[in-house]
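Undergrad: Sharing start.pdb, PDB, C-alpha atoms:
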```
ATOM      1  CA  MET F 287     -34.796  -9.335  -0.703
ATOM      2  CA  LYS F 288     -35.028 -10.277  -4.355
ATOM      3  CA  VAL F 289     -33.908 -13.740  -5.452
ATOM      4  CA  VAL F 290     -32.004 -13.559  -8.758
ATOM      5  CA  VAL F 291     -30.109 -16.182 -10.785
ATOM      6  CA  GLY F 292     -26.870 -16.838  -8.894
ATOM      7  CA  SER F 293     -28.205 -15.927  -5.413
ATOM      8  CA  PRO F 294     -26.393 -17.627  -2.532
ATOM      9  CA  GLY F 295     -28.078 -20.758  -1.201
ATOM     10  CA  THR F 296     -29.814 -21.608  -4.507
ATOM     11  CA  TRP F 297     -29.113 -24.279  -7.145
ATOM     12  CA  SER F 298     -28.099 -21.658  -9.726
ATOM     13  CA  GLY F 299     -25.672 -20.139  -7.193
ATOM     14  CA  LEU F 300     -24.200 -23.580  -6.474
ATOM     15  CA  LEU F 301     -23.784 -24.245 -10.203
ATOM     16  CA  LEU F 302     -21.995 -20.904 -10.722
ATOM     17  CA  ARG F 303     -19.617 -21.567  -7.807
ATOM     18  CA  THR F 304     -18.867 -25.081  -9.076
ATOM     19  CA  GLY F 305     -18.069 -23.654 -12.516
ATOM     20  CA  GLN F 306     -15.774 -21.019 -10.985
ATOM     21  CA  CYS F 307     -13.852 -23.640  -8.964
ATOM     22  CA  ALA F 308     -13.578 -26.011 -11.922
ATOM     23  CA  PHE F 309     -12.324 -23.428 -14.435
ATOM     24  CA  ALA F 310      -9.951 -21.728 -11.966
ATOM     25  CA  GLY F 311      -8.514 -25.114 -10.937
ATOM     26  CA  ALA F 312      -8.137 -26.220 -14.569
ATOM     27  CA  SER F 313      -6.448 -22.903 -15.439
ATOM     28  CA  ILE F 314      -3.871 -23.465 -12.654
ATOM     29  CA  ALA F 315      -3.280 -27.107 -13.677
ATOM     30  CA  VAL F 316      -2.732 -26.242 -17.363
ATOM     31  CA  MET F 317      -0.407 -23.337 -16.499
ATOM     32  CA  LEU F 318       1.624 -25.510 -14.102
ATOM     33  CA  SER F 319       2.054 -28.122 -16.855
ATOM     34  CA  ALA F 320       3.393 -25.522 -19.344
ATOM     35  CA  TYR F 321       7.168 -25.398 -19.814
ATOM     36  CA  GLY F 322       8.876 -22.180 -18.680
ATOM     37  CA  PHE F 323       5.896 -20.390 -17.117
ATOM     38  CA  SER F 324       7.857 -19.584 -13.949
ATOM     39  CA  ASN F 325      10.182 -17.192 -15.819
ATOM     40  CA  TYR F 326       7.314 -14.753 -16.375
ATOM     41  CA  THR F 327       5.773 -12.694 -13.557
ATOM     42  CA  ALA F 328       2.394 -12.402 -15.311
ATOM     43  CA  PHE F 329       1.927 -16.175 -15.526
ATOM     44  CA  CYS F 330       2.930 -16.640 -11.850
ATOM     45  CA  TYR F 331       0.437 -13.924 -10.903
ATOM     46  CA  LEU F 332      -2.250 -15.772 -12.897
ATOM     47  CA  ILE F 333      -1.640 -18.897 -10.801
ATOM     48  CA  ALA F 334      -1.758 -16.902  -7.538
ATOM     49  CA  SER F 335      -4.949 -15.110  -8.539
ATOM     50  CA  MET F 336      -6.685 -18.288  -9.742
ATOM     51  CA  GLY F 337      -5.607 -19.982  -6.497
ATOM     52  CA  LEU F 338      -7.277 -17.246  -4.446
ATOM     53  CA  GLN F 339     -10.362 -17.503  -6.674
ATOM     54  CA  THR F 340     -10.562 -21.281  -6.174
ATOM     55  CA  LEU F 341     -10.343 -20.896  -2.372
ATOM     56  CA  TRP F 342     -13.014 -18.178  -2.277
ATOM     57  CA  SER F 343     -15.401 -19.982  -4.653
ATOM     58  CA  PHE F 344     -14.902 -23.286  -2.849
ATOM     59  CA  GLY F 345     -15.759 -21.653   0.476
ATOM     60  CA  LEU F 346     -18.995 -20.237  -0.957
ATOM     61  CA  LEU F 347     -19.750 -23.557  -2.686
ATOM     62  CA  CYS F 348     -19.594 -25.307   0.730
ATOM     63  CA  LEU F 349     -21.862 -22.618   2.192
ATOM     64  CA  ASP F 350     -24.364 -23.120  -0.682
ATOM     65  CA  VAL F 351     -24.388 -26.898  -0.141
ATOM     66  CA  PHE F 352     -24.941 -26.340   3.604
ATOM     67  CA  ALA F 353     -27.775 -23.855   2.947
ATOM     68  CA  LEU F 354     -29.477 -26.171   0.439
ATOM     69  CA  LYS F 355     -29.179 -29.196   2.758
ATOM     70  CA  SER F 356     -30.377 -27.429   5.898
ATOM     71  CA  LYS F 357     -32.821 -25.188   3.958
ATOM     72  CA  ARG F 358     -31.322 -22.058   5.527
ATOM     73  CA  ASP F 359     -31.848 -18.626   3.948
ATOM     74  CA  LEU F 360     -28.562 -16.810   3.263
ATOM     75  CA  HIS F 361     -30.258 -13.541   2.257
ATOM     76  CA  ASN F 362     -28.925 -11.580   5.198
ATOM     77  CA  PRO F 363     -27.626  -8.027   4.484
ATOM     78  CA  LEU F 364     -24.395  -8.553   6.463
ATOM     79  CA  LEU F 365     -23.582 -11.861   4.721
ATOM     80  CA  ILE F 366     -24.472 -10.463   1.296
ATOM     81  CA  SER F 367     -22.230  -7.394   1.887
ATOM     82  CA  LEU F 368     -19.355  -9.746   2.703
ATOM     83  CA  PHE F 369     -20.029 -11.776  -0.470
ATOM     84  CA  VAL F 370     -20.224  -8.604  -2.590
ATOM     85  CA  VAL F 371     -16.856  -7.309  -1.376
ATOM     86  CA  GLY F 372     -15.195 -10.731  -1.745
ATOM     87  CA  ASP F 373     -16.663 -11.327  -5.189
ATOM     88  CA  TRP F 374     -15.673  -7.875  -6.422
ATOM     89  CA  VAL F 375     -12.127  -8.143  -5.162
ATOM     90  CA  THR F 376     -11.590 -11.644  -6.591
ATOM     91  CA  ALA F 377     -13.313 -10.752  -9.901
ATOM     92  CA  THR F 378     -11.088  -7.678 -10.363
ATOM     93  CA  LEU F 379      -7.953  -9.667  -9.501
ATOM     94  CA  SER F 380      -8.970 -12.477 -11.896
ATOM     95  CA  LEU F 381      -9.594 -10.064 -14.766
ATOM     96  CA  ALA F 382      -6.297  -8.274 -14.045
ATOM     97  CA  ALA F 383      -4.393 -11.579 -14.028
ATOM     98  CA  ALA F 384      -6.063 -12.881 -17.198
ATOM     99  CA  CYS F 385      -5.450  -9.606 -19.053
ATOM    100  CA  SER F 386      -1.827  -9.188 -18.011
ATOM    101  CA  SER F 387      -1.089 -12.784 -19.060
ATOM    102  CA  ALA F 388      -2.968 -12.249 -22.322
ATOM    103  CA  GLY F 389      -0.888  -9.094 -22.933
ATOM    104  CA  VAL F 390       2.336 -11.085 -22.526
ATOM    105  CA  LEU F 391       1.044 -13.954 -24.693
ATOM    106  CA  VAL F 392       0.074 -11.582 -27.525
ATOM    107  CA  LEU F 393       3.566 -10.075 -27.289
ATOM    108  CA  PHE F 394       5.087 -13.580 -27.624
ATOM    109  CA  MET F 395       2.785 -14.698 -30.435
ATOM    110  CA  ARG F 396       2.497 -11.569 -32.584
ATOM    111  CA  ASP F 397       4.917  -8.800 -31.664
ATOM    112  CA  VAL F 398       8.205 -10.645 -31.173
ATOM    113  CA  GLY F 399       7.313 -14.093 -32.596
ATOM    114  CA  PHE F 400       8.825 -16.048 -29.646
ATOM    115  CA  CYS F 401       6.283 -18.875 -30.140
ATOM    116  CA  ARG F 402       7.595 -19.556 -33.662
ATOM    117  CA  LYS F 403      11.258 -19.056 -32.714
ATOM    118  CA  TYR F 404      11.187 -21.216 -29.576
ATOM    119  CA  PRO F 405       8.812 -24.160 -30.146
ATOM    120  CA  GLN F 406       9.735 -25.568 -26.701
ATOM    121  CA  LEU F 407       7.757 -22.639 -25.147
ATOM    122  CA  SER F 408       4.258 -24.036 -24.443
ATOM    123  CA  CYS F 409       2.292 -21.204 -26.066
ATOM    124  CA  GLY F 410      -0.725 -23.481 -26.670
ATOM    125  CA  ARG F 411      -0.975 -24.297 -22.968
ATOM    126  CA  PHE F 412      -0.543 -20.658 -21.983
ATOM    127  CA  GLU F 413      -3.437 -19.856 -24.316
ATOM    128  CA  THR F 414      -5.699 -22.586 -22.868
ATOM    129  CA  SER F 415      -4.921 -21.539 -19.301
ATOM    130  CA  ILE F 416      -5.617 -17.852 -20.036
ATOM    131  CA  SER F 417      -8.889 -18.689 -21.830
ATOM    132  CA  MET F 418     -10.020 -20.642 -18.762
ATOM    133  CA  ALA F 419      -9.090 -17.686 -16.543
ATOM    134  CA  PHE F 420     -11.341 -15.459 -18.698
ATOM    135  CA  VAL F 421     -14.229 -17.952 -18.347
ATOM    136  CA  THR F 422     -13.651 -17.933 -14.551
ATOM    137  CA  TRP F 423     -13.773 -14.143 -14.528
ATOM    138  CA  PHE F 424     -17.010 -14.171 -16.517
ATOM    139  CA  LEU F 425     -18.656 -16.558 -14.019
ATOM    140  CA  VAL F 426     -17.439 -14.525 -11.010
ATOM    141  CA  ALA F 427     -18.666 -11.319 -12.667
ATOM    142  CA  LYS F 428     -22.116 -12.941 -13.014
ATOM    143  CA  SER F 429     -22.104 -13.883  -9.304
ATOM    144  CA  SER F 430     -20.896 -10.477  -8.162
ATOM    145  CA  LEU F 431     -23.489  -8.618 -10.251
ATOM    146  CA  ALA F 432     -26.225 -10.826  -8.753
ATOM    147  CA  MET F 433     -24.930 -10.136  -5.209
ATOM    148  CA  PHE F 434     -24.700  -6.392  -5.814
ATOM    149  CA  TRP F 435     -28.211  -6.354  -7.285
ATOM    150  CA  ILE F 436     -29.565  -8.188  -4.208
ATOM    151  CA  LEU F 437     -27.737  -5.825  -1.834
ATOM    152  CA  ALA F 438     -28.830  -2.664  -3.650
ATOM    153  CA  SER F 439     -32.476  -3.745  -3.761
ATOM    154  CA  VAL F 440     -32.741  -4.357   0.009
TER
ATOM    155  CA  MET P 244     -34.459   7.191  -7.137
ATOM    156  CA  LYS P 245     -31.574   7.594  -4.728
ATOM    157  CA  VAL P 246     -29.003  10.326  -5.387
ATOM    158  CA  VAL P 247     -25.489   9.063  -4.628
ATOM    159  CA  VAL P 248     -22.036  10.615  -5.111
ATOM    160  CA  GLY P 249     -21.317  10.455  -8.857
ATOM    161  CA  SER P 250     -24.977  10.560 -10.007
ATOM    162  CA  PRO P 251     -25.529  11.986 -13.490
ATOM    163  CA  GLY P 252     -26.495  15.647 -13.573
ATOM    164  CA  THR P 253     -24.788  16.515 -10.256
ATOM    165  CA  TRP P 254     -21.562  18.395  -9.459
ATOM    166  CA  SER P 255     -19.891  15.226  -8.138
ATOM    167  CA  GLY P 256     -20.829  13.411 -11.367
ATOM    168  CA  LEU P 257     -19.402  16.263 -13.433
ATOM    169  CA  LEU P 258     -16.171  16.188 -11.404
ATOM    170  CA  LEU P 259     -15.807  12.416 -11.898
ATOM    171  CA  ARG P 260     -16.352  12.708 -15.669
ATOM    172  CA  THR P 261     -13.848  15.564 -15.922
ATOM    173  CA  GLY P 262     -11.277  13.456 -14.056
ATOM    174  CA  GLN P 263     -11.917  10.497 -16.373
ATOM    175  CA  CYS P 264     -11.448  12.621 -19.509
ATOM    176  CA  ALA P 265      -8.322  14.313 -18.132
ATOM    177  CA  PHE P 266      -6.555  11.113 -17.041
ATOM    178  CA  ALA P 267      -7.536   9.133 -20.168
ATOM    179  CA  GLY P 268      -6.374  12.001 -22.413
ATOM    180  CA  ALA P 269      -3.093  12.362 -20.487
ATOM    181  CA  SER P 270      -2.514   8.602 -20.684
ATOM    182  CA  ILE P 271      -2.895   8.719 -24.493
ATOM    183  CA  ALA P 272      -0.628  11.765 -24.803
ATOM    184  CA  VAL P 273       2.168  10.240 -22.696
ATOM    185  CA  MET P 274       1.958   6.900 -24.548
ATOM    186  CA  LEU P 275       2.064   8.649 -27.949
ATOM    187  CA  SER P 276       5.195  10.536 -26.862
ATOM    188  CA  ALA P 277       6.989   7.300 -25.857
ATOM    189  CA  TYR P 278       9.533   5.898 -28.318
ATOM    190  CA  GLY P 279       8.665   2.507 -29.830
ATOM    191  CA  PHE P 280       5.168   2.047 -28.391
ATOM    192  CA  SER P 281       3.706   1.130 -31.793
ATOM    193  CA  ASN P 282       5.693  -2.131 -31.920
ATOM    194  CA  TYR P 283       3.631  -3.581 -29.088
ATOM    195  CA  THR P 284      -0.027  -4.577 -29.464
ATOM    196  CA  ALA P 285      -0.800  -4.042 -25.754
ATOM    197  CA  PHE P 286       0.301  -0.395 -25.850
ATOM    198  CA  CYS P 287      -1.696   0.272 -29.045
ATOM    199  CA  TYR P 288      -4.731  -1.337 -27.402
ATOM    200  CA  LEU P 289      -4.220   0.965 -24.382
ATOM    201  CA  ILE P 290      -4.433   4.004 -26.679
ATOM    202  CA  ALA P 291      -7.573   2.663 -28.412
ATOM    203  CA  SER P 292      -9.275   1.858 -25.124
ATOM    204  CA  MET P 293      -8.377   5.209 -23.528
ATOM    205  CA  GLY P 294      -9.617   6.939 -26.695
ATOM    206  CA  LEU P 295     -12.993   5.228 -26.378
ATOM    207  CA  GLN P 296     -13.074   6.108 -22.667
ATOM    208  CA  THR P 297     -12.354   9.777 -23.423
ATOM    209  CA  LEU P 298     -15.161   9.917 -25.989
ATOM    210  CA  TRP P 299     -17.687   8.255 -23.669
ATOM    211  CA  SER P 300     -16.743  10.345 -20.615
ATOM    212  CA  PHE P 301     -16.726  13.552 -22.661
ATOM    213  CA  GLY P 302     -20.228  12.783 -23.938
ATOM    214  CA  LEU P 303     -21.515  12.295 -20.401
ATOM    215  CA  LEU P 304     -19.619  15.384 -19.220
ATOM    216  CA  CYS P 305     -21.499  17.480 -21.813
ATOM    217  CA  LEU P 306     -24.778  15.909 -20.666
ATOM    218  CA  ASP P 307     -23.960  16.753 -17.034
ATOM    219  CA  VAL P 308     -23.170  20.361 -17.924
ATOM    220  CA  PHE P 309     -26.443  20.592 -19.869
ATOM    221  CA  ALA P 310     -28.417  19.068 -16.966
ATOM    222  CA  LEU P 311     -26.807  21.395 -14.405
ATOM    223  CA  LYS P 312     -27.386  24.478 -16.573
ATOM    224  CA  SER P 313     -30.991  23.694 -17.470
ATOM    225  CA  LYS P 314     -31.704  22.092 -14.044
ATOM    226  CA  ARG P 315     -32.977  18.928 -15.713
ATOM    227  CA  ASP P 316     -33.220  15.664 -13.777
ATOM    228  CA  LEU P 317     -31.382  12.802 -15.501
ATOM    229  CA  HIS P 318     -32.680  10.114 -13.100
ATOM    230  CA  ASN P 319     -34.712   8.290 -15.712
ATOM    231  CA  PRO P 320     -34.560   4.437 -15.667
ATOM    232  CA  LEU P 321     -33.948   4.193 -19.419
ATOM    233  CA  LEU P 322     -31.126   6.771 -19.406
ATOM    234  CA  ILE P 323     -29.542   5.228 -16.296
ATOM    235  CA  SER P 324     -29.650   1.735 -17.891
ATOM    236  CA  LEU P 325     -27.816   3.135 -20.907
ATOM    237  CA  PHE P 326     -25.200   4.790 -18.649
ATOM    238  CA  VAL P 327     -24.765   1.554 -16.648
ATOM    239  CA  VAL P 328     -24.093  -0.551 -19.753
ATOM    240  CA  GLY P 329     -21.748   2.051 -21.259
ATOM    241  CA  ASP P 330     -19.868   2.567 -18.022
ATOM    242  CA  TRP P 331     -19.461  -1.172 -17.432
ATOM    243  CA  VAL P 332     -18.221  -1.853 -20.927
ATOM    244  CA  THR P 333     -15.734   1.036 -20.936
ATOM    245  CA  ALA P 334     -14.580   0.262 -17.353
ATOM    246  CA  THR P 335     -13.908  -3.390 -18.248
ATOM    247  CA  LEU P 336     -12.065  -2.406 -21.436
ATOM    248  CA  SER P 337      -9.992   0.193 -19.541
ATOM    249  CA  LEU P 338      -8.999  -2.297 -16.847
ATOM    250  CA  ALA P 339      -8.177  -4.920 -19.492
ATOM    251  CA  ALA P 340      -6.008  -2.438 -21.429
ATOM    252  CA  ALA P 341      -4.215  -1.164 -18.313
ATOM    253  CA  CYS P 342      -3.530  -4.707 -17.061
ATOM    254  CA  SER P 343      -2.310  -6.099 -20.363
ATOM    255  CA  SER P 344       0.053  -3.130 -20.782
ATOM    256  CA  ALA P 345       1.207  -3.516 -17.174
ATOM    257  CA  GLY P 346       1.884  -7.231 -17.847
ATOM    258  CA  VAL P 347       4.092  -6.333 -20.821
ATOM    259  CA  LEU P 348       5.886  -3.556 -18.882
ATOM    260  CA  VAL P 349       6.653  -5.894 -15.946
ATOM    261  CA  LEU P 350       8.047  -8.373 -18.474
ATOM    262  CA  PHE P 351      10.298  -5.652 -19.924
ATOM    263  CA  MET P 352      11.406  -4.291 -16.547
ATOM    264  CA  ARG P 353      11.827  -7.449 -14.462
ATOM    265  CA  ASP P 354      11.677 -10.667 -16.456
ATOM    266  CA  VAL P 355      13.827  -9.923 -19.507
ATOM    267  CA  GLY P 356      15.468  -6.636 -18.428
ATOM    268  CA  PHE P 357      14.787  -4.824 -21.756
ATOM    269  CA  CYS P 358      14.587  -1.464 -19.963
ATOM    270  CA  ARG P 359      18.185  -1.769 -18.719
ATOM    271  CA  LYS P 360      19.484  -3.273 -21.995
ATOM    272  CA  TYR P 361      17.795  -0.758 -24.309
ATOM    273  CA  PRO P 362      17.781   2.667 -22.626
ATOM    274  CA  GLN P 363      16.215   4.199 -25.764
ATOM    275  CA  LEU P 364      12.953   2.348 -24.879
ATOM    276  CA  SER P 365      10.819   4.897 -22.942
ATOM    277  CA  CYS P 366       9.971   2.614 -19.998
ATOM    278  CA  GLY P 367       9.372   5.613 -17.691
ATOM    279  CA  ARG P 368       6.743   7.016 -20.056
ATOM    280  CA  PHE P 369       5.076   3.619 -20.480
ATOM    281  CA  GLU P 370       4.867   3.450 -16.678
ATOM    282  CA  THR P 371       3.338   6.938 -16.351
ATOM    283  CA  SER P 372       0.795   6.249 -19.096
ATOM    284  CA  ILE P 373      -0.245   2.919 -17.536
ATOM    285  CA  SER P 374      -0.553   4.480 -14.052
ATOM    286  CA  MET P 375      -2.868   7.120 -15.512
ATOM    287  CA  ALA P 376      -4.931   4.397 -17.199
ATOM    288  CA  PHE P 377      -5.361   2.720 -13.798
ATOM    289  CA  VAL P 378      -6.519   6.026 -12.255
ATOM    290  CA  THR P 379      -8.999   6.402 -15.147
ATOM    291  CA  TRP P 380     -10.321   2.890 -14.509
ATOM    292  CA  PHE P 381     -10.725   3.665 -10.798
ATOM    293  CA  LEU P 382     -12.783   6.796 -11.577
ATOM    294  CA  VAL P 383     -14.959   4.948 -14.131
ATOM    295  CA  ALA P 384     -15.477   2.097 -11.654
ATOM    296  CA  LYS P 385     -16.719   4.671  -9.113
ATOM    297  CA  SER P 386     -19.175   6.101 -11.689
ATOM    298  CA  SER P 387     -20.413   2.700 -12.808
ATOM    299  CA  LEU P 388     -20.971   1.478  -9.236
ATOM    300  CA  ALA P 389     -22.983   4.649  -8.519
ATOM    301  CA  MET P 390     -25.079   4.118 -11.681
ATOM    302  CA  PHE P 391     -25.693   0.455 -10.897
ATOM    303  CA  TRP P 392     -26.684   1.339  -7.320
ATOM    304  CA  ILE P 393     -29.183   3.939  -8.599
ATOM    305  CA  LEU P 394     -30.618   1.492 -11.152
ATOM    306  CA  ALA P 395     -30.919  -1.393  -8.669
ATOM    307  CA  SER P 396     -32.647   0.785  -6.071
ATOM    308  CA  VAL P 397     -35.395   2.006  -8.430
TER
END
```
Write out the structure in this file as structure tokens.
TA:
Amino acid sequence: MKVVVGSPGTWSGLLLRTGQCAFAGASIAVMLSAYGFSNYTAFCYLIASMGLQTLWSFGLLCLDVFALKSKRDLHNPLLISLFVVGDWVTATLSLAAACSSAGVLVLFMRDVGFCRKYPQLSCGRFETSISMAFVTWFLVAKSSLAMFWILASV
Amino acid sequence: MKVVVGSPGTWSGLLLRTGQCAFAGASIAVMLSAYGFSNYTAFCYLIASMGLQTLWSFGLLCLDVFALKSKRDLHNPLLISLFVVGDWVTATLSLAAACSSAGVLVLFMRDVGFCRKYPQLSCGRFETSISMAFVTWFLVAKSSLAMFWILASV
């Protein structure tokens, strides 16, 4: 099996997983601190999706730490298939959540001008949280492409 | 090179491309026929993204027809790399457009109740157009996974 950047059980893989957890967690924290997010389905969905992403990435982060400490090789077709499916599902859900929230935010900022009309709405925080969700998606996409590449080249 | 369902220059590939063109075109047509779509950035972006998808899929459809007629083999690493990049970019843009429009529609239907308050807003047509965009994304995702699989297994 090929070893590519972001493979499970390597330092680059561990770094990617840490980044995913950190950005997903920060996205949730910023969204939770924004006033009035709970009135909008898209923003609640972003929190749910980032929560799932944090759990999944944290699980794989622990596995990477274990593999690096015990010098185990995680390049097993069954394990990699499981990682591929999990990474693809969470990456798609993260992108969907980030995009639907971005759609609503653009509506508020440009189309109906809610952000100007209602300054108590935390548009700045919504924006930060959504940007972090996009970074999370980008990191998960990197991981999932690496996993798929490993699986396909078995 | 492996031949999988959805490979370029095969009947299954041609069928997938035809489906992509048909659903993307129908999504544009339904959105254009909906009253008031042009006031919302997300819906305009959906039209732009589906337009790009139609162009790309139509180009590959023509190539498939040519390959099937002249019995040419399109399994060339350079060509497949080009298809992979194009398919990934258009698939990501299609999913982003469908999700951002879906986020706005859910806001209209559930969160602020615009669809009940303003019956002249064509919420039913928005819904149909967005559903078709999701079907298009699903078909492009199938193509792009097949392409990536072929490329990785060279």
Undergrad: Show which residues sit within 10 Å of Ile323 in chain P, as a list in words. Count only C-alpha atoms, and ignore same-chain residues fewer than 2 positions away.
TA: Ser250, Pro251, Leu317, His318, Asn319, Pro320, Leu321, Leu325, Phe326, Val327, Val328, Gly329, Met390, Phe391, Ile393 and Leu394 of chain P
Undergrad: If you keep C-alpha atoms, can you produce a file of those selected residues as a short mmCIF file (atom, residue, chain, number, x, y, z; two decimals), in the frame of the given file?
TA:
```cif
data_model
loop_
_atom_site.label_atom_id
_atom_site.label_comp_id
_atom_site.auth_asym_id
_atom_site.auth_seq_id
_atom_site.Cartn_x
_atom_site.Cartn_y
_atom_site.Cartn_z
CA SER P 250 -24.98 10.56 -10.01
CA PRO P 251 -25.53 11.99 -13.49
CA LEU P 317 -31.38 12.80 -15.50
CA HIS P 318 -32.68 10.11 -13.10
CA ASN P 319 -34.71 8.29 -15.71
CA PRO P 320 -34.56 4.44 -15.67
CA LEU P 321 -33.95 4.19 -19.42
CA LEU P 325 -27.82 3.14 -20.91
CA PHE P 326 -25.20 4.79 -18.65
CA VAL P 327 -24.76 1.55 -16.65
CA VAL P 328 -24.09 -0.55 -19.75
CA GLY P 329 -21.75 2.05 -21.26
CA MET P 390 -25.08 4.12 -11.68
CA PHE P 391 -25.69 0.46 -10.90
CA ILE P 393 -29.18 3.94 -8.60
CA LEU P 394 -30.62 1.49 -11.15
#
```
Undergrad: Identify which of the residues P:Leu306, P:Thr335, P:Val355, P:Met375 lies closest to Leu322 in chain P, counting all atoms listed in the file when measuring atom-to-atom distances.
TA: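 Ranking P:Leu306, P:Thr335, P:Val355, P:Met375 by distance to Leu322 in chain P, first place goes to P:Leu306.
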Undergrad: Would you kindly report the residues of chain P within 9 Å of chain F, using only C-alpha atoms, as a list in words?
TA: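 Selected residues: Asn282, Tyr283, Thr284, Ala285, Thr335, Leu338, Ala339, Ala340, Ala341, Cys342, Ser343, Ser344, Ala345, Gly346, Val347, Val349, Leu350, Arg353, Asp354, Val355, Phe391, Trp392, Ile393, Leu394, Ala395, Ser396 and Val397 of chain P.
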Undergrad: If the box runs along x, y and z of the file and leaves 4 Å on each side of range 377-392 of chain F, what are its centre and edge lengths in Å, one decimal, as JSON?
TA:
```
{"center_x": -5.5, "center_y": -10.8, "center_z": -18.5, "size_x": 23.6, "size_y": 14.3, "size_z": 26.0}
```
Undergrad: Using CA of Trp331 in chain P and CA of Ser300 in chain P as the two end points, give the distance in Å to one decimal.
TA: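 Atom-to-atom, CA of Trp331 in chain P and CA of Ser300 in chain P are spaced 12.3 Å apart.
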Undergrad: Take CA of Ala277 in chain P and CA of Ser380 in chain F and report the distance between them in Å, one decimal.
TA: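 Between CA of Ala277 in chain P and CA of Ser380 in chain F the gap is 29.0 Å.
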Undergrad: Please report the interatomic distance between CA of Thr296 in chain F and CA of Ser430 in chain F in Å with one decimal.
TA: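 Atom-to-atom, CA of Thr296 in chain F to CA of Ser430 in chain F, that is 14.7 Å.
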Undergrad: Which residue, F:Val426, F:Leu346, F:Leu407, F:Leu332, has the smallest gap to Thr376 in chain F when you use all atoms listed in the file?
TA: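 Ranking F:Val426, F:Leu346, F:Leu407, F:Leu332 by distance to Thr376 in chain F, first place goes to F:Val426.
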Undergrad: Can you tell me which residues surround Ser319 in chain F at a distance of at most 12 Å, considering all atoms listed in the file, apart from same-chain residues fewer than 2 positions away, and format the answer as a PyMOL selection string?
TA: chain F and resi 312-317+321-324+333+407-412+414-415
Undergrad: Env of range 377-380 of chain P: 6 Å cut, atoms = all atoms listed in the file, seq-sep filter 4 positions within chain, self excluded. Answer as a compact mmCIF listing (two decimals) with C-alpha atoms, in the frame of the given file.
TA:
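Written file, result_12.txt:
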```txt
# COMPACT_ATOMS: atom_id res chain seq x y z
CA GLN P 263 -11.92 10.50 -16.37
CA PHE P 266 -6.56 11.11 -17.04
CA ALA P 267 -7.54 9.13 -20.17
CA ALA P 334 -14.58 0.26 -17.35
CA SER P 337 -9.99 0.19 -19.54
CA LEU P 338 -9.00 -2.30 -16.85
CA ALA P 384 -15.48 2.10 -11.65
```
Undergrad: Which of these residues is nearest to Thr304 in chain F, using all atoms listed in the file: F:Ser335, F:Ser417, F:Ser429, F:Gln406?
TA: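 When distances to Thr304 in chain F are compared using all atoms listed in the file, the smallest one comes from F:Ser429.
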